[in-house]
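Okay, structure first, notes after.
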Amino acid sequence: MADLQHLPYADSAAFGEPDDPPPAQAPTPAAFDLERARVLLAAQLVVDGHNTLGQQLDHTHWQDLMYGSVLLDTDIPRIQAGGVGAQFWSLHTGPDATGDSAVSATLDRIDAVTTLIASCPEALRLVTGADEMAEARDSGRIASLLGPVAGAALADSLGTLRAYHALGVRSATVAGAHWTATGLTPFGESVIREMNRLGVLVDLSGAAEETMDRVLAVTSAPVILSRSAARILTDHPANVSDDILRRLRANRGVCMVSFAPDQVCHDDQPASLWDVADHVEHVRALAGPESVGLAGSYGTAVDAPHTIGLEDASCYPNLIAELLHRDWSEADITALTWGNAARVVREAKAP
């Protein structure tokens with residue numbers, strides 16, 4: 001965790017001696033850094049690599065999301081307040097869904113998300129490419145990308161993959177598919193090549209290291225990790241090793257750093273935005289400034305565990321303020337928030 005003397009908080013002396021752990025309360029960024037962060041986000045906005053709001057739609061009315069929900073950590077007003085201009089809608093279903101049941105559940109999830117988007121045309125817009133992302137952002141809508149679908153929901157079928165693509169899906173997780181148990185089977189390699197041909201992003205989050213290695217050897221397009229942080233800082237199965245981060249630089253892929261507290265916590269302390277900033281900086285150092293993005297992982301109940309300072313979707317400016325305090329350039333902030341994710345969406349389709 002960063003030294004207290006370097007934190008951008010006006011009342012840092014109130015935390016006590018430098019060796020004392022910070023209290024479990026949301027840190028408050030200095031007004032100067034926070035204002036700079038808001039200005040930057042107003043000009044560029046954020047692409048959020050992973051929101052789980054689709055899992056709540058069976059028991060959440062679209063009007064609650066449109067005008068504000070007291071039960072969830074995200075809704076359209078807070079997404080807008082956080083400076084989010086685009087987000088990937090996770091289509092993952094329950095872990096018990098396999099085979100045909102996984103496909104059916106995923107189709108239901110796609111239907112629920114697209115119905116919500118159609119119900120909120122002044123706030124949301126379904127998009128399938130980078131140009132549409134920018135057009136939606138510039139018109140004041142939140143660009144909504146479908147994906148990732150779960151690996152199990154591909155059902156060992158190229159036809160199913162093509163059907164998802166026809167419905168607008170632009171990302172799929174390889175973890176959990178039968179053809180990724182140990183690296184990639186020959187059929188798995190054909191799936192990766194077909195995803196490249198279609199322009200469906202290959203999502204490596206949660207995959208085994210040997211699978212990641214093989215995908216990076218086979219793919220002709222950049223990959224993403226839609227919800228991963230640095231494993232060397234927090235040992236979590238969804239996080240990624242330093243070796244893969246180094247390989248990501250050559251692939252020109254993007255690791256979208258998760259805000260989930262169990263993925264970023266440090267030394268059994270409550271997870272805070274400082275920890276997320278440490279993960280973001282580690283990913284940038286190894287993969288390069290062009291290969292790091294953000295994944296809020298919002299879409300859970302307000303009383304679920306959250307990272308301190310990043311409790312809901314309105315809190316992105318807090319993290320950007322911390323990175324500015326750590327002397328990040330505006331160019332690197334712009335790449336982190338929008339540029340890298342938009343580029344990988346544009347380059348997902350193999351030439």
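Just remember, in the structure tokens the first chain shown is A, the second B, etc., residues are 1-based per chain, and ligands are 1-based in the order shown.
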message: Taking 2 positions as the minimum chain separation for residues in the same chain, which residues sit within 12 Å of Met133 (chain A) when counting only C-alpha atoms? Answer as a VMD selection string.
response: chain A and resid 44 to 47 84 to 88 124 to 131 135 to 145 338 to 339 341 to 343 345 to 346
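Considering only region 119-294 of chain A, backbone DSSP assigns strand (DSSP E) to Leu124, Arg125, Leu126, Ile142, Ala143, Ser144, Leu145, Leu146, Ser171, Ala172, Thr173, Leu201, Val202, Asp203, Ile224, Leu225, Ser226, Arg227, Ser228, Val254, Cys255, Met256, Val257, Ser258, Val292, Gly293 and Leu294 of chain A.
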Atoms to include: N, CA, C and O atoms. Write the selected residues as a CSV table (one decimal), in the first residue's frame.
```
chain,number,residue,atom,x,y,z
A,124,LEU,N,-29.0,4.8,-22.6
A,124,LEU,CA,-28.2,3.7,-23.1
A,124,LEU,C,-28.3,3.4,-24.6
A,124,LEU,O,-29.4,3.7,-25.2
A,125,ARG,N,-27.3,2.9,-25.1
A,125,ARG,CA,-27.3,2.6,-26.6
A,125,ARG,C,-26.5,1.3,-26.8
A,125,ARG,O,-25.4,1.2,-26.3
A,126,LEU,N,-27.1,0.3,-27.4
A,126,LEU,CA,-26.4,-0.9,-27.8
A,126,LEU,C,-25.4,-0.7,-28.9
A,126,LEU,O,-25.8,-0.1,-29.9
A,142,ILE,N,-24.8,6.0,-22.7
A,142,ILE,CA,-23.8,5.1,-22.3
A,142,ILE,C,-23.7,3.9,-23.3
A,142,ILE,O,-24.7,3.2,-23.5
A,143,ALA,N,-22.6,3.8,-24.0
A,143,ALA,CA,-22.4,2.7,-24.9
A,143,ALA,C,-22.4,1.4,-24.2
A,143,ALA,O,-21.7,1.2,-23.3
A,144,SER,N,-23.2,0.5,-24.7
A,144,SER,CA,-23.4,-0.8,-24.0
A,144,SER,C,-23.0,-1.9,-24.9
A,144,SER,O,-23.6,-2.2,-26.0
A,145,LEU,N,-21.9,-2.6,-24.5
A,145,LEU,CA,-21.4,-3.8,-25.3
A,145,LEU,C,-21.8,-5.1,-24.6
A,145,LEU,O,-21.7,-5.2,-23.4
A,146,LEU,N,-22.3,-6.0,-25.4
A,146,LEU,CA,-22.7,-7.3,-24.8
A,146,LEU,C,-21.5,-8.2,-24.7
A,146,LEU,O,-20.8,-8.5,-25.6
A,171,SER,N,-17.8,-10.2,-26.8
A,171,SER,CA,-16.7,-10.8,-25.9
A,171,SER,C,-17.2,-12.1,-25.4
A,171,SER,O,-18.3,-12.3,-25.1
A,172,ALA,N,-16.2,-13.0,-25.2
A,172,ALA,CA,-16.5,-14.3,-24.7
A,172,ALA,C,-15.3,-14.8,-23.8
A,172,ALA,O,-14.2,-14.7,-24.2
A,173,THR,N,-15.6,-15.3,-22.6
A,173,THR,CA,-14.6,-15.9,-21.7
A,173,THR,C,-14.3,-17.3,-22.2
A,173,THR,O,-15.2,-18.1,-22.5
A,201,LEU,N,-14.1,-10.4,-28.9
A,201,LEU,CA,-12.9,-10.4,-28.0
A,201,LEU,C,-12.7,-11.7,-27.2
A,201,LEU,O,-13.7,-12.2,-26.7
A,202,VAL,N,-11.5,-12.2,-27.1
A,202,VAL,CA,-11.2,-13.3,-26.3
A,202,VAL,C,-10.9,-12.8,-24.9
A,202,VAL,O,-9.9,-12.0,-24.7
A,203,ASP,N,-11.7,-13.2,-23.9
A,203,ASP,CA,-11.5,-12.8,-22.5
A,203,ASP,C,-10.8,-13.9,-21.8
A,203,ASP,O,-11.3,-15.0,-21.6
A,224,ILE,N,-8.5,-9.5,-24.1
A,224,ILE,CA,-8.7,-8.7,-22.9
A,224,ILE,C,-8.7,-9.6,-21.7
A,224,ILE,O,-8.9,-10.8,-21.8
A,225,LEU,N,-8.5,-9.1,-20.5
A,225,LEU,CA,-8.8,-9.7,-19.2
A,225,LEU,C,-9.8,-8.7,-18.6
A,225,LEU,O,-9.5,-7.6,-18.2
A,226,SER,N,-11.1,-9.1,-18.6
A,226,SER,CA,-12.2,-8.2,-18.4
A,226,SER,C,-12.3,-7.8,-16.9
A,226,SER,O,-13.0,-6.8,-16.5
A,227,ARG,N,-11.7,-8.6,-16.0
A,227,ARG,CA,-11.9,-8.4,-14.6
A,227,ARG,C,-10.8,-9.0,-13.8
A,227,ARG,O,-11.0,-9.8,-12.9
A,228,SER,N,-9.6,-8.6,-14.0
A,228,SER,CA,-8.4,-9.2,-13.4
A,228,SER,C,-7.5,-8.1,-12.8
A,228,SER,O,-7.6,-6.9,-13.2
A,254,VAL,N,-5.5,-5.8,-23.3
A,254,VAL,CA,-5.8,-4.9,-22.2
A,254,VAL,C,-6.2,-5.7,-21.0
A,254,VAL,O,-7.1,-6.6,-21.1
A,255,CYS,N,-5.5,-5.5,-19.9
A,255,CYS,CA,-6.0,-6.0,-18.6
A,255,CYS,C,-6.8,-4.9,-17.9
A,255,CYS,O,-6.3,-3.9,-17.6
A,256,MET,N,-8.1,-5.2,-17.7
A,256,MET,CA,-9.0,-4.3,-17.0
A,256,MET,C,-9.0,-4.6,-15.6
A,256,MET,O,-9.6,-5.6,-15.2
A,257,VAL,N,-8.5,-3.7,-14.7
A,257,VAL,CA,-8.2,-4.0,-13.3
A,257,VAL,C,-9.5,-3.9,-12.6
A,257,VAL,O,-10.2,-2.9,-12.6
A,258,SER,N,-9.8,-5.0,-11.9
A,258,SER,CA,-11.1,-5.1,-11.1
A,258,SER,C,-11.0,-4.3,-9.8
A,258,SER,O,-10.0,-4.2,-9.2
A,292,VAL,N,-3.7,-1.3,-20.1
A,292,VAL,CA,-4.3,-1.3,-18.8
A,292,VAL,C,-5.6,-0.6,-18.9
A,292,VAL,O,-5.7,0.4,-19.6
A,293,GLY,N,-6.7,-1.1,-18.3
A,293,GLY,CA,-8.0,-0.5,-18.2
A,293,GLY,C,-8.6,-0.7,-16.9
A,293,GLY,O,-8.0,-1.1,-15.9
A,294,LEU,N,-9.9,-0.4,-16.8
A,294,LEU,CA,-10.7,-0.5,-15.5
A,294,LEU,C,-11.9,-1.3,-15.6
A,294,LEU,O,-12.6,-1.4,-16.7
```
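Between CA of Ala285 (chain A) and CA of Asp312 (chain A) there is a distance of 27.0 Å.
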Shell of 10 Å around Leu65 (chain A), only C-alpha atoms, local chain residues under 2 positions omitted, as a list in words: Leu53, Leu57, Thr60, His61, Trp62, Gln63, Tyr67, Gly68, Ser69, Val70, Leu72, Thr74, Asp75, Ile76, Pro77, Arg78, Leu116 and Cys120 of chain A
message: Among region 128-345 of chain A, which residues does DSSP mark as alpha helix (DSSP H) when it is run on the backbone? Keep the chain and numbering as in the structure and answer as a PyMOL selection string.
response: chain A and resi 130-138+158-166+186-198+209-218+242-251+261-264+273-287+316-325+330-334+340-345
Serialized selection, C-alpha atoms, as a short mmCIF file (atom, residue, chain, number, x, y, z; two decimals), in the first residue's frame:
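The resulting file, part_16.cif, is reproduced below:
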```
data_model
loop_
_atom_site.label_atom_id
_atom_site.label_comp_id
_atom_site.auth_asym_id
_atom_site.auth_seq_id
_atom_site.Cartn_x
_atom_site.Cartn_y
_atom_site.Cartn_z
CA ALA A 130 -15.48 1.36 -31.49
CA ASP A 131 -17.06 3.94 -33.82
CA GLU A 132 -20.49 3.28 -32.32
CA MET A 133 -18.97 3.56 -28.83
CA ALA A 134 -17.72 7.06 -29.61
CA GLU A 135 -21.00 8.07 -31.28
CA ALA A 136 -23.01 6.95 -28.24
CA ARG A 137 -20.65 8.73 -25.85
CA ASP A 138 -20.74 11.92 -27.89
CA LEU A 158 -18.87 -22.70 -33.46
CA GLY A 159 -22.49 -22.26 -34.55
CA THR A 160 -23.44 -21.11 -31.08
CA LEU A 161 -20.55 -18.63 -31.11
CA ARG A 162 -21.73 -17.26 -34.47
CA ALA A 163 -25.30 -16.99 -33.18
CA TYR A 164 -24.14 -14.96 -30.17
CA HIS A 165 -22.21 -12.69 -32.51
CA ALA A 166 -25.32 -12.16 -34.64
CA PRO A 186 -7.40 -28.37 -31.49
CA PHE A 187 -11.10 -27.46 -31.38
CA GLY A 188 -10.28 -24.71 -28.88
CA GLU A 189 -7.76 -23.26 -31.31
CA SER A 190 -10.45 -23.21 -33.99
CA VAL A 191 -12.74 -21.32 -31.57
CA ILE A 192 -10.07 -18.67 -31.00
CA ARG A 193 -9.52 -18.24 -34.74
CA GLU A 194 -13.27 -17.96 -35.34
CA MET A 195 -13.55 -15.34 -32.59
CA ASN A 196 -10.77 -13.41 -34.32
CA ARG A 197 -12.56 -13.67 -37.66
CA LEU A 198 -15.87 -12.47 -36.22
CA GLU A 209 -2.08 -19.96 -17.02
CA GLU A 210 -1.39 -22.61 -19.66
CA THR A 211 -4.63 -21.68 -21.44
CA MET A 212 -3.64 -18.01 -21.45
CA ASP A 213 -0.23 -18.95 -22.86
CA ARG A 214 -1.74 -20.99 -25.67
CA VAL A 215 -4.38 -18.40 -26.54
CA LEU A 216 -1.70 -15.72 -26.79
CA ALA A 217 0.24 -17.99 -29.15
CA VAL A 218 -2.80 -18.66 -31.37
CA ASP A 242 3.48 -11.15 -14.16
CA ASP A 243 4.49 -13.49 -17.01
CA ILE A 244 1.12 -13.06 -18.72
CA LEU A 245 1.20 -9.28 -18.15
CA ARG A 246 4.56 -9.12 -19.92
CA ARG A 247 3.17 -11.13 -22.84
CA LEU A 248 0.15 -8.85 -22.99
CA ARG A 249 2.41 -5.98 -24.06
CA ALA A 250 3.36 -7.78 -27.29
CA ASN A 251 -0.24 -8.84 -27.92
CA PRO A 261 -12.31 -6.15 -2.83
CA ASP A 262 -11.24 -9.80 -2.71
CA GLN A 263 -9.13 -9.26 -5.84
CA VAL A 264 -7.22 -6.20 -4.59
CA LEU A 273 -8.83 2.59 -3.69
CA TRP A 274 -5.11 2.81 -2.82
CA ASP A 275 -4.88 -0.93 -3.39
CA VAL A 276 -6.65 -0.63 -6.74
CA ALA A 277 -4.23 2.13 -7.73
CA ASP A 278 -1.31 -0.15 -6.78
CA HIS A 279 -2.69 -2.89 -9.03
CA VAL A 280 -3.26 -0.44 -11.89
CA GLU A 281 0.31 0.81 -11.60
CA HIS A 282 1.71 -2.73 -11.50
CA VAL A 283 -0.20 -3.72 -14.64
CA ARG A 284 0.99 -0.55 -16.40
CA ALA A 285 4.62 -1.20 -15.39
CA LEU A 286 4.65 -4.74 -16.82
CA ALA A 287 2.15 -4.65 -19.69
CA TYR A 316 -14.32 6.56 -10.57
CA PRO A 317 -13.13 10.17 -10.06
CA ASN A 318 -11.66 9.13 -6.69
CA LEU A 319 -9.36 6.59 -8.35
CA ILE A 320 -8.38 8.97 -11.14
CA ALA A 321 -7.56 11.63 -8.53
CA GLU A 322 -5.26 9.17 -6.75
CA LEU A 323 -3.47 8.33 -10.02
CA LEU A 324 -3.05 12.03 -10.79
CA HIS A 325 -1.55 12.48 -7.33
CA GLU A 330 -3.11 13.09 -18.71
CA ALA A 331 -2.21 11.01 -21.77
CA ASP A 332 -1.85 7.86 -19.67
CA ILE A 333 -5.12 8.61 -17.86
CA THR A 334 -6.89 9.01 -21.19
CA ASN A 340 -7.01 1.32 -24.64
CA ALA A 341 -10.40 -0.36 -24.42
CA ALA A 342 -11.71 1.41 -27.53
CA ARG A 343 -8.59 0.39 -29.45
CA VAL A 344 -8.87 -3.28 -28.52
CA VAL A 345 -12.53 -3.31 -29.57
#
```
field: Non-local contacts of region 106-109 of chain A (12 Å; only C-alpha atoms; under 6 positions in same chain excluded) as an MDAnalysis selection string
entry: chainID A and resid 52:58 89:94 97:100 115:116 146:155 160:161 163:165 167:169 172
